[in-house]
Amino acid sequence: MESNKVRLRFAPSPTGPLHMGGVRTALYSYLFAKQHGGDFILRIEDTDQNRFVPGAEQYIIDALNWCGIIPNEGVGFGDGKHAPYRQSERKPLYKQYAEQLIGSGHAYYAFDTAADMEIKRKQAESTGKSFMYDAQTRMQMQNSLSQPASEVNNLLNNNTPYVIRLKVMPDNEVAFDDLVRGHVVFNTNIVDDKVLLKSDGMPTYHLAHIVDDYLMQITHAVRGEEWLPSAPAHILIYKYLGWESKMPHYAHLPLLLKPDGHGKLSKRDGDRLGFPVFPLNWTDPITAEISSGYRERGYLPQAFVNMLALLGWNSGTTQELFTMPQLINAFSFKHIHKAGAKFDPEKAKWFNEQYVRALPDATLVDHLRNDVIESYKYSGDDVRLTDSYLIKAVQLLKPRIQFLHDMHSMGHYLFEPPQTYDTDALQKKWNENQFAFYDVLLPQLNTQQSFDATVIEPLVKNLIKEMGLKMGDVISCLRIFISGKSSGVDLFGMITLLGKTETTQRINNGLQFIKTNN
RNA sequence: GGUCCGUUCGUCUAGGGGUUAGGACGUAUCCCUUUCACGGAUAAAACACGGGUUCGAUUCCCGUACGGACUACCA
């Protein structure tokens with residue numbers, strides 16, 4: 001039955017890049033919708049024309065695409081039967097509902113200017129309180145409740161700017177069942193007469209999201225915990241509009257908190273602490289300031305999504321690695337933790353590591369090849385660009401990478417001779433006796449028919465033993481000659497990969513370096 | 001300030017009136033090993049505090065503390 005279909009929306013406002021908390025909200029909504037064979041919708045809440053940021057809407061679309069959280073209706077994803085999905089394009093829709101509320105006595109016109117409001121706030125502040133436009137104060141303000149009808153008509157006829165405010169009935173209780181928090185009860189005395197329609201004719205979030213959720217037949221509304229305090233006002237609006245039975249189930253998600261200190265994760269934290277808070281890079285259109293994104297940092301979208309899913313939610317089992325279909329299957333609001341979650345960048349890296357290492361070798365080869373082509377001016381037929389070379393490199397590098405780009409940065413010595421040597425380590429491990437070792441080793445290597453670890457390794461080790469040298473010392477220096485570094489991928493695997501010519505040349509270079517620097 | 005929400009290892013969390021309070025990340029140690037990783041093993045590490053209720057509370061209730069959100073013609 002169409003009317004019973006589960007429908008969720010993600011409704012960000014395009015005031016900047018979508019941050020990871022927003023992505024998580026979208027993800028949970030998406031998971032729940034898919035689990036129930038329902039719809040997932042992207043609606044753009046651009047009712048504040050002052051906060052419009054160019055590019056933000058496209059960023060949201062790109063981010064969802066990258067994450068694989070694909071709406072089946074909405075801005076950027078094709079219209080369903082509830083188009084348009086941009087609130088600015090739905091502007092004419094909202095006013096009638098605000099007026100309906102005036103008609104039923106649940107809202108009123110208010111003519112107070114910004115200056116009037118400012119004075120009231122100042123007055124309240126001086127007595128140590130904050131001003132609230134509500135049943136206590138509304139009769140002292142300029143509105144259609146405090147003024148005679150004739151005056152109100154006058155103001156309206158003269159095109160005096162006005163807003164429409166919700167008339168909240170005091171001393172009542174509003175209750176609702178939150179999918180995360182359970183039964184929540186508020187007293188209406190704490191809810192103010194919220195503006196529903198602004199003087200520019202645009203609805204506020206409060207009115208717009210309710211009208212659209214109703215019209216779009218949204219069944220579940222998932223949003224951040226910061227909305228909890230205004231939830232009673234929203235419940236009231238549904239009641240006053242007579243839509244109570246169509247009200248979606250609300251789920252208020254715990255916030256994502258800063259890894260250090262306290263407070264909710266904000267835009268600034270990312271680059272301050274060295275991790276992204278955004279899925280994709282974002283360049284501020286005004287300041288040109290760049291905020292880094294997970295994608296550009298080398299995170300795989302699956303890892304990013306998996307990490308996000310587990311931040312504040314668990315499956316009830318000890319499983320931590322989930323594919324999207326598994327998440328869809330396992331998700332439940334019941335298992336969302338109520339407290340805010342501090343984001344841990346280290347754990348995020350671990351997730352990426354799991355996904356990167358699980359990638360097929362062929363995929364890793366492709367990435368490595370691209371990086372290598374970019375860094376070195378190899379000719380097209382260079383052996384180091386071949387599958388057989390790269391696949392061996394990948395196998396050597398794979399157990400030590402967290403990011404795809406680590407293969408290149410950690411394994412650069414598989415593609416170029418060392419530029420520098422770890423002289424500290426060399427100092428410790430080198431001794432003059434090792435010259436004799438190479439005097440024997442090099443000719444033996446040169447005459448070697450099959451240059452393979454299975455042959456080279458015993459050859460080298462036996463020689464070290466025969467000459468009574470210390471295994472650790474000789475091997476360490478050999479490694480440094482070949483890679484420049486005292487640690488890295490398997491030595492004999494590396495030698496096999498580089499081949500006879502390159503290996504012996506690097507050894508000779510190393511010996512030369514020793515001679516000239518001692 | 002007011003209102004609301006929350007509080008289990010450093011972090012993400014499981015659990016729930018009687019448990020050796022479990023897992024993961026990170027950390028440390030050991031094993032493997034030519035190094036560093038990987039892998040394996042082990043360890044340190046938590047129920048905020050105070051009152052109840054109860055034979056028994058980390059679990060239920062109430063306070064306190066602490067943290068967070070909100071308190072716009074922003075969302």
# chains A, B, ... in the order shown; residues from 1 in each chain; ligands from 1

call {"tool": "closest_atom_pairs", "arguments": {"of": "chain B", "to": "chain A", "cutoff": "7 Å", "atoms": "only C-alpha atoms (C1' of nucleotides)", "output": "JSON lines"}}
result
{"residue": "B:G1", "atom": "C1'", "partner": "A:Lys129", "partner_atom": "CA", "distance": 6.3}
{"residue": "B:U3", "atom": "C1'", "partner": "A:Ile190", "partner_atom": "CA", "distance": 6.5}
{"residue": "B:C4", "atom": "C1'", "partner": "A:Pro229", "partner_atom": "CA", "distance": 6.1}
{"residue": "B:G6", "atom": "C1'", "partner": "A:Ala339", "partner_atom": "CA", "distance": 5.3}
{"residue": "B:U11", "atom": "C1'", "partner": "A:Asp344", "partner_atom": "CA", "distance": 6.2}
{"residue": "B:C12", "atom": "C1'", "partner": "A:Leu311", "partner_atom": "CA", "distance": 6.6}
{"residue": "B:G23", "atom": "C1'", "partner": "A:Thr318", "partner_atom": "CA", "distance": 5.8}
{"residue": "B:C25", "atom": "C1'", "partner": "A:Lys347", "partner_atom": "CA", "distance": 5.0}
{"residue": "B:U34", "atom": "C1'", "partner": "A:Ile475", "partner_atom": "CA", "distance": 5.4}
{"residue": "B:U35", "atom": "C1'", "partner": "A:Ser487", "partner_atom": "CA", "distance": 4.5}
{"residue": "B:C36", "atom": "C1'", "partner": "A:Ser487", "partner_atom": "CA", "distance": 4.6}
{"residue": "B:A37", "atom": "C1'", "partner": "A:Arg400", "partner_atom": "CA", "distance": 5.1}
{"residue": "B:C38", "atom": "C1'", "partner": "A:Pro399", "partner_atom": "CA", "distance": 5.1}
{"residue": "B:G68", "atom": "C1'", "partner": "A:Gly263", "partner_atom": "CA", "distance": 6.6}
{"residue": "B:A69", "atom": "C1'", "partner": "A:Glu226", "partner_atom": "CA", "distance": 5.1}
{"residue": "B:C70", "atom": "C1'", "partner": "A:Pro229", "partner_atom": "CA", "distance": 5.6}
{"residue": "B:C73", "atom": "C1'", "partner": "A:Lys198", "partner_atom": "CA", "distance": 4.7}
{"residue": "B:A75", "atom": "C1'", "partner": "A:Ser13", "partner_atom": "CA", "distance": 6.4}

call {"tool": "residues_around", "arguments": {"residues": "Phe111 (chain A)", "least_positions_apart": "6", "cutoff": "12 Å", "atoms": "only C-alpha atoms (C1' of nucleotides)", "output": "mmCIF file with N, CA, C and O atoms (P, O5', C5', C4', C3', O3' and C1' of nucleotides), in the first residue's frame"}}
result
data_model
loop_
_atom_site.group_PDB
_atom_site.id
_atom_site.type_symbol
_atom_site.label_atom_id
_atom_site.label_comp_id
_atom_site.auth_asym_id
_atom_site.auth_seq_id
_atom_site.Cartn_x
_atom_site.Cartn_y
_atom_site.Cartn_z
ATOM 1 N N MET A 117 12.472 44.154 19.224
ATOM 2 C CA MET A 117 12.880 42.873 19.814
ATOM 3 C C MET A 117 14.186 43.040 20.592
ATOM 4 O O MET A 117 14.355 42.480 21.672
ATOM 5 N N ARG A 138 3.391 38.045 25.077
ATOM 6 C CA ARG A 138 2.871 38.413 23.751
ATOM 7 C C ARG A 138 1.906 39.599 23.768
ATOM 8 O O ARG A 138 1.822 40.339 22.794
ATOM 9 N N GLN A 140 2.202 42.228 25.386
ATOM 10 C CA GLN A 140 2.932 43.493 25.464
ATOM 11 C C GLN A 140 3.606 43.822 24.142
ATOM 12 O O GLN A 140 4.344 44.797 24.038
ATOM 13 N N MET A 141 3.405 42.988 23.146
ATOM 14 C CA MET A 141 4.096 43.181 21.884
ATOM 15 C C MET A 141 3.110 43.660 20.827
ATOM 16 O O MET A 141 1.909 43.706 21.047
ATOM 17 N N GLN A 142 3.674 44.011 19.683
ATOM 18 C CA GLN A 142 2.842 44.512 18.583
ATOM 19 C C GLN A 142 2.350 43.333 17.745
ATOM 20 O O GLN A 142 3.077 42.835 16.890
ATOM 21 N N ASN A 143 1.135 42.889 17.985
ATOM 22 C CA ASN A 143 0.645 41.777 17.182
ATOM 23 C C ASN A 143 -0.867 41.743 17.115
ATOM 24 O O ASN A 143 -1.541 42.549 17.761
ATOM 25 N N SER A 144 -1.380 40.843 16.363
ATOM 26 C CA SER A 144 -2.813 40.823 16.124
ATOM 27 C C SER A 144 -3.596 40.320 17.335
ATOM 28 O O SER A 144 -4.823 40.279 17.313
ATOM 29 N N LEU A 145 -2.888 39.947 18.377
ATOM 30 C CA LEU A 145 -3.547 39.559 19.616
ATOM 31 C C LEU A 145 -3.663 40.769 20.543
ATOM 32 O O LEU A 145 -4.675 40.961 21.225
ATOM 33 N N SER A 146 -2.634 41.587 20.542
ATOM 34 C CA SER A 146 -2.606 42.720 21.463
ATOM 35 C C SER A 146 -3.283 43.963 20.882
ATOM 36 O O SER A 146 -3.663 44.857 21.607
ATOM 37 N N GLN A 147 -3.399 44.000 19.552
ATOM 38 C CA GLN A 147 -3.958 45.197 18.912
ATOM 39 C C GLN A 147 -5.413 44.948 18.471
ATOM 40 O O GLN A 147 -5.772 43.817 18.143
ATOM 41 N N GLU A 151 -6.810 48.137 13.864
ATOM 42 C CA GLU A 151 -5.399 48.507 13.764
ATOM 43 C C GLU A 151 -4.628 47.456 12.965
ATOM 44 O O GLU A 151 -3.783 47.770 12.130
ATOM 45 N N VAL A 152 -4.943 46.218 13.223
ATOM 46 C CA VAL A 152 -4.271 45.124 12.521
ATOM 47 C C VAL A 152 -4.544 45.221 11.027
ATOM 48 O O VAL A 152 -3.626 45.138 10.205
ATOM 49 N N ASN A 153 -5.786 45.437 10.682
ATOM 50 C CA ASN A 153 -6.135 45.569 9.273
ATOM 51 C C ASN A 153 -5.400 46.732 8.621
ATOM 52 O O ASN A 153 -4.943 46.642 7.490
ATOM 53 N N ASN A 154 -5.320 47.811 9.403
ATOM 54 C CA ASN A 154 -4.603 48.975 8.941
ATOM 55 C C ASN A 154 -3.167 48.654 8.581
ATOM 56 O O ASN A 154 -2.681 48.984 7.497
ATOM 57 N N LEU A 155 -2.507 48.026 9.529
ATOM 58 C CA LEU A 155 -1.100 47.678 9.333
ATOM 59 C C LEU A 155 -0.943 46.775 8.118
ATOM 60 O O LEU A 155 -0.054 46.963 7.287
ATOM 61 N N LEU A 156 -1.820 45.804 8.026
ATOM 62 C CA LEU A 156 -1.758 44.849 6.916
ATOM 63 C C LEU A 156 -1.987 45.561 5.579
ATOM 64 O O LEU A 156 -1.250 45.339 4.612
ATOM 65 N N ASN A 158 -1.425 48.585 4.902
ATOM 66 C CA ASN A 158 -0.306 49.483 4.590
ATOM 67 C C ASN A 158 0.975 48.731 4.282
ATOM 68 O O ASN A 158 2.049 49.332 4.214
ATOM 69 N N ASN A 159 0.852 47.437 4.121
ATOM 70 C CA ASN A 159 2.022 46.603 3.832
ATOM 71 C C ASN A 159 3.119 46.695 4.890
ATOM 72 O O ASN A 159 4.304 46.654 4.582
ATOM 73 N N THR A 160 2.694 46.846 6.110
ATOM 74 C CA THR A 160 3.664 46.818 7.202
ATOM 75 C C THR A 160 4.262 45.414 7.275
ATOM 76 O O THR A 160 3.514 44.430 7.216
ATOM 77 N N PRO A 161 5.567 45.325 7.361
ATOM 78 C CA PRO A 161 6.165 43.991 7.437
ATOM 79 C C PRO A 161 5.664 43.240 8.667
ATOM 80 O O PRO A 161 5.510 43.838 9.737
ATOM 81 N N TYR A 162 5.396 41.988 8.473
ATOM 82 C CA TYR A 162 4.935 41.198 9.617
ATOM 83 C C TYR A 162 5.499 39.773 9.529
ATOM 84 O O TYR A 162 5.962 39.334 8.467
ATOM 85 N N VAL A 163 5.462 39.114 10.658
ATOM 86 C CA VAL A 163 5.751 37.680 10.654
ATOM 87 C C VAL A 163 4.516 36.982 11.194
ATOM 88 O O VAL A 163 3.656 37.629 11.796
ATOM 89 N N ILE A 164 4.414 35.705 10.954
ATOM 90 C CA ILE A 164 3.332 34.945 11.581
ATOM 91 C C ILE A 164 3.950 34.062 12.648
ATOM 92 O O ILE A 164 4.924 33.346 12.387
ATOM 93 N N ARG A 165 3.411 34.180 13.841
ATOM 94 C CA ARG A 165 3.943 33.410 14.964
ATOM 95 C C ARG A 165 2.961 32.347 15.447
ATOM 96 O O ARG A 165 1.742 32.538 15.391
ATOM 97 N N VAL A 195 8.424 31.948 15.202
ATOM 98 C CA VAL A 195 8.079 32.529 13.904
ATOM 99 C C VAL A 195 7.870 31.386 12.920
ATOM 100 O O VAL A 195 8.692 30.465 12.839
ATOM 101 N N LYS A 198 8.371 34.225 7.820
ATOM 102 C CA LYS A 198 9.213 35.400 8.004
ATOM 103 C C LYS A 198 8.674 36.586 7.210
ATOM 104 O O LYS A 198 7.822 36.423 6.335
ATOM 105 N N SER A 199 9.200 37.755 7.497
ATOM 106 C CA SER A 199 8.668 38.955 6.834
ATOM 107 C C SER A 199 9.001 38.985 5.338
ATOM 108 O O SER A 199 8.382 39.717 4.584
ATOM 109 P P C B 73 13.550 35.805 16.083
ATOM 110 O "O5'" C B 73 13.275 35.713 14.530
ATOM 111 C "C5'" C B 73 12.513 34.676 13.981
ATOM 112 C "C4'" C B 73 12.708 34.754 12.478
ATOM 113 C "C3'" C B 73 14.128 35.225 12.165
ATOM 114 O "O3'" C B 73 14.883 34.253 11.466
ATOM 115 C "C1'" C B 73 12.432 36.696 11.200
#

call {"tool": "select_by_dssp", "arguments": {"residues": "region 67-249 of chain A", "states": "strand (DSSP E or B)", "output": "ChimeraX atom specification"}}
result
/A:73-74,78,86,107-110,143,163-166,173-178,182-187,195-197,203,220-224,249

call {"tool": "atom_distance", "arguments": {"atom1": "CA of Asp271 (chain A)", "atom2": "CA of Asp62 (chain A)"}}
result
21.0 Å

call {"tool": "residues_around", "arguments": {"residues": "G16 (chain B)", "least_positions_apart": "3", "cutoff": "10 Å", "atoms": "only C-alpha atoms (C1' of nucleotides)", "output": "count of residues only"}}
result
4

call {"tool": "atom_distance", "arguments": {"atom1": "CA of Ile44 (chain A)", "atom2": "CA of Arg86 (chain A)"}}
result
4.7 Å

call {"tool": "closest_residue", "arguments": {"among": "A:His335, A:Val305, A:Ala33, A:Arg357", "to": "Phe322 (chain A)", "atoms": "only C-alpha atoms"}}
result
A:Val305

call {"tool": "select_by_dssp", "arguments": {"residues": "region 20-162 of chain A", "states": "alpha helix (DSSP H)", "output": "PDB file with C-alpha atoms, in the first residue's frame"}}
result
ATOM      1  CA  MET A  20      30.361  14.116   8.661  1.00  0.00           C
ATOM      2  CA  GLY A  21      27.617  14.444  11.250  1.00  0.00           C
ATOM      3  CA  GLY A  22      25.251  15.328   8.457  1.00  0.00           C
ATOM      4  CA  VAL A  23      26.471  12.408   6.413  1.00  0.00           C
ATOM      5  CA  ARG A  24      25.748  10.122   9.321  1.00  0.00           C
ATOM      6  CA  THR A  25      22.206  11.473   9.608  1.00  0.00           C
ATOM      7  CA  ALA A  26      21.744  10.848   5.906  1.00  0.00           C
ATOM      8  CA  LEU A  27      23.223   7.383   6.249  1.00  0.00           C
ATOM      9  CA  TYR A  28      20.927   6.274   9.063  1.00  0.00           C
ATOM     10  CA  SER A  29      17.921   7.611   7.186  1.00  0.00           C
ATOM     11  CA  TYR A  30      19.028   5.824   4.058  1.00  0.00           C
ATOM     12  CA  LEU A  31      19.642   2.556   5.910  1.00  0.00           C
ATOM     13  CA  PHE A  32      16.267   2.574   7.548  1.00  0.00           C
ATOM     14  CA  ALA A  33      14.471   3.458   4.330  1.00  0.00           C
ATOM     15  CA  LYS A  34      16.213   0.695   2.401  1.00  0.00           C
ATOM     16  CA  GLN A  35      15.672  -1.824   5.154  1.00  0.00           C
ATOM     17  CA  ALA A  56      27.025  23.967  -1.250  1.00  0.00           C
ATOM     18  CA  GLU A  57      24.077  22.216  -2.836  1.00  0.00           C
ATOM     19  CA  GLN A  58      26.243  20.543  -5.450  1.00  0.00           C
ATOM     20  CA  TYR A  59      28.660  19.572  -2.706  1.00  0.00           C
ATOM     21  CA  ILE A  60      25.879  17.801  -0.827  1.00  0.00           C
ATOM     22  CA  ILE A  61      24.916  15.890  -3.960  1.00  0.00           C
ATOM     23  CA  ASP A  62      28.521  14.964  -4.712  1.00  0.00           C
ATOM     24  CA  ALA A  63      29.129  13.870  -1.144  1.00  0.00           C
ATOM     25  CA  LEU A  64      26.099  11.583  -1.061  1.00  0.00           C
ATOM     26  CA  ASN A  65      27.119  10.098  -4.393  1.00  0.00           C
ATOM     27  CA  TRP A  66      30.632   9.438  -3.200  1.00  0.00           C
ATOM     28  CA  CYS A  67      29.346   7.756  -0.059  1.00  0.00           C
ATOM     29  CA  LYS A  91       7.679  29.147  -1.310  1.00  0.00           C
ATOM     30  CA  PRO A  92       4.040  29.709  -2.413  1.00  0.00           C
ATOM     31  CA  LEU A  93       3.026  26.532  -0.615  1.00  0.00           C
ATOM     32  CA  TYR A  94       3.712  27.546   2.931  1.00  0.00           C
ATOM     33  CA  LYS A  95       1.764  30.719   3.509  1.00  0.00           C
ATOM     34  CA  GLN A  96      -1.647  29.068   3.336  1.00  0.00           C
ATOM     35  CA  TYR A  97      -0.756  26.798   6.219  1.00  0.00           C
ATOM     36  CA  ALA A  98       0.419  29.702   8.336  1.00  0.00           C
ATOM     37  CA  GLU A  99      -2.858  31.418   7.545  1.00  0.00           C
ATOM     38  CA  GLN A 100      -4.789  28.275   8.318  1.00  0.00           C
ATOM     39  CA  LEU A 101      -3.280  28.436  11.768  1.00  0.00           C
ATOM     40  CA  ILE A 102      -4.298  32.057  12.139  1.00  0.00           C
ATOM     41  CA  GLY A 103      -7.795  31.087  11.117  1.00  0.00           C
ATOM     42  CA  ALA A 114      14.077  43.984  14.932  1.00  0.00           C
ATOM     43  CA  ALA A 115      14.731  47.080  17.030  1.00  0.00           C
ATOM     44  CA  ASP A 116      11.688  46.384  19.230  1.00  0.00           C
ATOM     45  CA  MET A 117      12.880  42.873  19.814  1.00  0.00           C
ATOM     46  CA  GLU A 118      16.343  44.054  20.629  1.00  0.00           C
ATOM     47  CA  ILE A 119      15.006  46.383  23.316  1.00  0.00           C
ATOM     48  CA  LYS A 120      12.982  43.590  24.876  1.00  0.00           C
ATOM     49  CA  ARG A 121      15.979  41.324  24.944  1.00  0.00           C
ATOM     50  CA  LYS A 122      18.137  43.976  26.544  1.00  0.00           C
ATOM     51  CA  GLN A 123      15.487  44.593  29.195  1.00  0.00           C
ATOM     52  CA  ALA A 124      15.240  40.912  29.991  1.00  0.00           C
ATOM     53  CA  GLU A 125      18.990  40.561  30.111  1.00  0.00           C
ATOM     54  CA  SER A 126      19.302  43.357  32.634  1.00  0.00           C
ATOM     55  CA  ALA A 149      -8.711  44.322  14.695  1.00  0.00           C
ATOM     56  CA  SER A 150      -9.027  47.692  13.022  1.00  0.00           C
ATOM     57  CA  GLU A 151      -5.399  48.507  13.764  1.00  0.00           C
ATOM     58  CA  VAL A 152      -4.271  45.124  12.521  1.00  0.00           C
ATOM     59  CA  ASN A 153      -6.135  45.569   9.273  1.00  0.00           C
ATOM     60  CA  ASN A 154      -4.603  48.975   8.941  1.00  0.00           C
ATOM     61  CA  LEU A 155      -1.100  47.678   9.333  1.00  0.00           C
ATOM     62  CA  LEU A 156      -1.758  44.849   6.916  1.00  0.00           C
ATOM     63  CA  ASN A 157      -3.292  47.160   4.335  1.00  0.00           C
TER      64      ASN A 157
END

call {"tool": "atom_distance", "arguments": {"atom1": "CA of Leu442 (chain A)", "atom2": "CA of Asn509 (chain A)"}}
result
12.4 Å

call {"tool": "residues_around", "arguments": {"residues": "G17 (chain B)", "least_positions_apart": "5", "cutoff": "12 Å", "atoms": "only C-alpha atoms (C1' of nucleotides)", "output": "PyMOL selection string"}}
result
chain B and resi 53-60

call {"tool": "write_last_selection", "arguments": {"atoms": "C-alpha atoms (C1' of nucleotides)", "output": "PDB file, in the first residue's frame"}}
result
ATOM      1  C1'   U B  53      14.748   0.427  47.014  1.00  0.00           C
ATOM      2  C1'   U B  54      16.542  -4.596  47.609  1.00  0.00           C
ATOM      3  C1'   C B  55      19.002 -10.383  50.624  1.00  0.00           C
ATOM      4  C1'   G B  56      21.997  -8.063  46.755  1.00  0.00           C
ATOM      5  C1'   A B  57      23.084  -2.729  42.837  1.00  0.00           C
ATOM      6  C1'   U B  58      27.148  -0.862  37.617  1.00  0.00           C
ATOM      7  C1'   U B  59      21.998  -2.101  36.243  1.00  0.00           C
ATOM      8  C1'   C B  60      15.795   0.662  39.263  1.00  0.00           C
TER       9        C B  60
END

call {"tool": "closest_residue", "arguments": {"among": "B:G63, B:A44, B:G15, B:G50", "to": "U29 (chain B)", "atoms": "only C-alpha atoms (C1' of nucleotides)"}}
result
B:A44

call {"tool": "closest_residue", "arguments": {"among": "B:C9, B:A45, B:C74, B:C61", "to": "A28 (chain B)", "atoms": "only C-alpha atoms (C1' of nucleotides)"}}
result
B:A45

call {"tool": "residues_around", "arguments": {"residues": "region 209-214 of chain A", "least_positions_apart": "4", "cutoff": "8 Å", "atoms": "only C-alpha atoms (C1' of nucleotides)", "output": "list in words"}}
result
Tyr94, Tyr97, Tyr205, Ile218, Thr219, His234, Ile237, Tyr238, Trp243, Lys246, Met247 and Pro248 of chain A

call {"tool": "residues_around", "arguments": {"residues": "C30 (chain B)", "least_positions_apart": "6", "cutoff": "12 Å", "atoms": "only C-alpha atoms (C1' of nucleotides)", "output": "PyMOL selection string"}}
result
chain B and resi 40-43

call {"tool": "write_last_selection", "arguments": {"atoms": "all heavy atoms", "output": "short mmCIF file (atom, residue, chain, number, x, y, z; two decimals), in the first residue's frame"}}
result
data_model
loop_
_atom_site.label_atom_id
_atom_site.label_comp_id
_atom_site.auth_asym_id
_atom_site.auth_seq_id
_atom_site.Cartn_x
_atom_site.Cartn_y
_atom_site.Cartn_z
P G B 40 45.58 -12.31 14.18
OP1 G B 40 44.26 -12.94 14.01
OP2 G B 40 45.68 -10.90 14.60
"O5'" G B 40 46.45 -13.20 15.19
"C5'" G B 40 46.58 -14.59 14.98
"C4'" G B 40 47.51 -15.19 15.99
"O4'" G B 40 48.86 -14.70 15.75
"C3'" G B 40 47.24 -14.79 17.43
"O3'" G B 40 46.18 -15.53 18.02
"C2'" G B 40 48.58 -15.09 18.08
"O2'" G B 40 48.77 -16.48 18.30
"C1'" G B 40 49.55 -14.61 17.00
N9 G B 40 49.96 -13.22 17.23
C8 G B 40 49.52 -12.09 16.59
N7 G B 40 50.07 -10.99 17.04
C5 G B 40 50.92 -11.42 18.04
C6 G B 40 51.79 -10.69 18.90
O6 G B 40 51.99 -9.47 18.94
N1 G B 40 52.46 -11.54 19.78
C2 G B 40 52.33 -12.89 19.83
N2 G B 40 53.06 -13.53 20.75
N3 G B 40 51.54 -13.59 19.04
C4 G B 40 50.87 -12.80 18.17
P A B 41 45.29 -14.87 19.18
OP1 A B 41 44.21 -15.81 19.49
OP2 A B 41 44.98 -13.47 18.82
"O5'" A B 41 46.33 -14.84 20.39
"C5'" A B 41 46.77 -16.06 20.97
"C4'" A B 41 47.81 -15.79 22.02
"O4'" A B 41 48.92 -15.08 21.41
"C3'" A B 41 47.38 -14.87 23.15
"O3'" A B 41 46.61 -15.53 24.14
"C2'" A B 41 48.74 -14.41 23.69
"O2'" A B 41 49.35 -15.40 24.48
"C1'" A B 41 49.53 -14.23 22.39
N9 A B 41 49.48 -12.84 21.92
C8 A B 41 48.72 -12.29 20.91
N7 A B 41 48.91 -11.00 20.75
C5 A B 41 49.87 -10.68 21.71
C6 A B 41 50.49 -9.47 22.05
N6 A B 41 50.26 -8.31 21.45
N1 A B 41 51.40 -9.49 23.07
C2 A B 41 51.63 -10.67 23.68
N3 A B 41 51.10 -11.88 23.45
C4 A B 41 50.22 -11.81 22.44
P U B 42 45.52 -14.73 24.97
OP1 U B 42 44.78 -15.71 25.80
OP2 U B 42 44.79 -13.83 24.06
"O5'" U B 42 46.43 -13.84 25.93
"C5'" U B 42 47.22 -14.45 26.94
"C4'" U B 42 48.17 -13.45 27.51
"O4'" U B 42 48.95 -12.86 26.45
"C3'" U B 42 47.54 -12.24 28.19
"O3'" U B 42 47.08 -12.53 29.50
"C2'" U B 42 48.72 -11.28 28.21
"O2'" U B 42 49.67 -11.62 29.21
"C1'" U B 42 49.35 -11.54 26.84
N1 U B 42 48.85 -10.57 25.84
C2 U B 42 49.40 -9.29 25.88
O2 U B 42 50.25 -8.97 26.69
N3 U B 42 48.92 -8.42 24.95
C4 U B 42 47.97 -8.67 23.99
O4 U B 42 47.64 -7.77 23.21
C5 U B 42 47.44 -10.01 24.01
C6 U B 42 47.89 -10.90 24.91
P A B 43 45.91 -11.61 30.14
OP1 A B 43 45.49 -12.21 31.42
OP2 A B 43 44.91 -11.33 29.09
"O5'" A B 43 46.70 -10.27 30.44
"C5'" A B 43 47.82 -10.28 31.35
"C4'" A B 43 48.44 -8.92 31.39
"O4'" A B 43 48.89 -8.56 30.06
"C3'" A B 43 47.48 -7.80 31.77
"O3'" A B 43 47.37 -7.71 33.17
"C2'" A B 43 48.18 -6.58 31.17
"O2'" A B 43 49.22 -6.11 32.00
"C1'" A B 43 48.78 -7.15 29.89
N9 A B 43 47.99 -6.88 28.68
C8 A B 43 47.15 -7.73 28.01
N7 A B 43 46.61 -7.20 26.93
C5 A B 43 47.13 -5.92 26.89
C6 A B 43 46.96 -4.84 25.99
N6 A B 43 46.19 -4.90 24.91
N1 A B 43 47.63 -3.68 26.25
C2 A B 43 48.41 -3.63 27.34
N3 A B 43 48.66 -4.57 28.25
C4 A B 43 47.98 -5.70 27.97
#

call {"tool": "decode", "arguments": {"residues": "region 27-48 of chain A", "atoms": "C-alpha atoms", "output": "PDB file, in the first residue's frame"}}
result
ATOM      1  CA  LEU A  27      23.223   7.383   6.249  1.00  0.00           C
ATOM      2  CA  TYR A  28      20.927   6.274   9.063  1.00  0.00           C
ATOM      3  CA  SER A  29      17.921   7.611   7.186  1.00  0.00           C
ATOM      4  CA  TYR A  30      19.028   5.824   4.058  1.00  0.00           C
ATOM      5  CA  LEU A  31      19.642   2.556   5.910  1.00  0.00           C
ATOM      6  CA  PHE A  32      16.267   2.574   7.548  1.00  0.00           C
ATOM      7  CA  ALA A  33      14.471   3.458   4.330  1.00  0.00           C
ATOM      8  CA  LYS A  34      16.213   0.695   2.401  1.00  0.00           C
ATOM      9  CA  GLN A  35      15.672  -1.824   5.154  1.00  0.00           C
ATOM     10  CA  HIS A  36      11.960  -1.256   4.809  1.00  0.00           C
ATOM     11  CA  GLY A  37      11.888  -1.093   1.049  1.00  0.00           C
ATOM     12  CA  GLY A  38      11.068   2.585   1.346  1.00  0.00           C
ATOM     13  CA  ASP A  39      12.135   5.834  -0.241  1.00  0.00           C
ATOM     14  CA  PHE A  40      15.010   8.084   0.606  1.00  0.00           C
ATOM     15  CA  ILE A  41      14.677  11.692  -0.444  1.00  0.00           C
ATOM     16  CA  LEU A  42      17.011  14.640  -0.637  1.00  0.00           C
ATOM     17  CA  ARG A  43      15.307  17.906   0.154  1.00  0.00           C
ATOM     18  CA  ILE A  44      17.187  21.165   0.188  1.00  0.00           C
ATOM     19  CA  GLU A  45      16.184  23.524   2.977  1.00  0.00           C
ATOM     20  CA  ASP A  46      17.194  26.861   1.574  1.00  0.00           C
ATOM     21  CA  THR A  47      14.674  29.087   3.273  1.00  0.00           C
ATOM     22  CA  ASP A  48      17.331  31.433   4.569  1.00  0.00           C
TER      23      ASP A  48
END
